[in-house]
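Taking it in order: structure first as C-alpha cells, then the write-up.
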Amino acid sequence: HKEARDMSNQDGFAECLTHFNKGLRLRKNRFLIYMMDGFEIKLFQAGGKKDTFKEFTKCLSATEPQYCVYDYEYKTQDGRPESKMHFIFWVPKNSNQEKKVLYAQALNKFRACFEGVVYHNLTHVKEIEELYHGECVGGEYTVPQTAKEDSDESEEDFD
C-alpha cells in the first residue's frame, strides 16, 4: 500500500487547503466536499454561502465516503449569532470496504490540515439533521425550532 501512503502527503493537500482558506475561512462557501480520485484528494462540491444543511445533505454520496468541511451557523442561548467549522468524515453504511480503508488511511493527515475545526464521523443523513437542527443562517432557522418551556416561569406561578 505504498501508493496509499503517498496520497496522505500533506504537500498534496495544498489545493484542498486553498479552497478551504478562500472559501470557508473567508465565508464565501457554506460547505466543501472532497472525494478521492485514485489516491488524490480533490474538491468535489462547494456549497454557496446561503446554502443550509439541507442542500449539503443532497450533495452527499449514498455509496462513497467523503471528507466534508461545514460552516455551521447558529444562535447562542443569549441570541448572538455564532459559527463553528466542522470536519465530517462521511462514511455511508453501504460504502464498499476498499473505499472505506482508502479514505481511513488518509484521514488523520488530511484532517490535521484543517485547524480549529470540530470533528465528526457520520454515516447517516439523520445524524446531520440532528447535529445541525439549531442551524440559523442569515437570522433564519433552517428548521422550525420548538418552543422551549420556561421552567423558571412555571415555578414562579406556584410560589
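Quick note on naming: the chains in the C-alpha cells go A, B, ... in the order shown, residues restart at 1 in each chain, and ligands are numbered from 1 in order of appearance.
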Please report, as a PyMOL selection string, each residue of region 33-151 of chain A to which DSSP assigns helix (DSSP H, G or I) when run on this structure's backbone.
-> chain A and resi 53-59+97-112+125-131+151
For Thr52 (chain A), work out the shell of residues within 9 Å, counting only C-alpha atoms and skipping chain neighbours fewer than 3 positions away, then give it as number ranges by chain.
-> A: 30-31, 47-49, 55-57, 72, 135-137, 142
Distance in Å - CA of Lys84 (chain A) versus CA of Gln45 (chain A) |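 Answer for the CA of Lys84 (chain A) to CA of Gln45 (chain A) separation: 19.6 Å.
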Record the distance separating CA of Thr146 (chain A) and CA of Val125 (chain A), expressed in Å with one decimal.
->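 Taking CA of Thr146 (chain A) and CA of Val125 (chain A), their separation equals 20.7 Å.
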Work out how far apart CA of Pro92 (chain A) and CA of Asn108 (chain A) are and give it in Å to one decimal.
-> 18.5 Å
Using only C-alpha atoms, find the one residue out of A:Val101, A:Arg111, A:Tyr141, A:Leu131 that sits nearest to Glu64 (chain A).
->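 Of A:Val101, A:Arg111, A:Tyr141, A:Leu131, the one nearest Glu64 (chain A), counting only C-alpha atoms, is A:Val101.
The shortest atom-to-atom distance to Ser95 (chain A), with only C-alpha atoms taken into account, belongs to A:Ser61 out of A:Asp71, A:Glu82, A:Glu115, A:Ser61.
Here the question is which of A:Ala104, A:Gly134, A:Asp37, A:Lys42 gets nearest to Gly79 (chain A) using only C-alpha atoms, and that residue is A:Gly134.
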Where in region 93-134 of chain A does DSSP assign strand (DSSP E or B), given as a list in words?
-> Val118, Tyr119, His120, Asn121 and Leu122 of chain A
Nearest to Met35 (chain A) by atom-to-atom distance, counting only C-alpha atoms, from A:Gln97, A:Thr63, A:Gln145, A:Thr76 =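 For Met35 (chain A), the nearest of the given residues is A:Thr63.
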Go through A:Met85, A:Lys126, A:Leu107, A:Gly116 and flag the residue nearest Val69 (chain A), using only C-alpha atoms for the distances.
->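 Checking each of A:Met85, A:Lys126, A:Leu107, A:Gly116 against Val69 (chain A), counting only C-alpha atoms, the winner is A:Met85.
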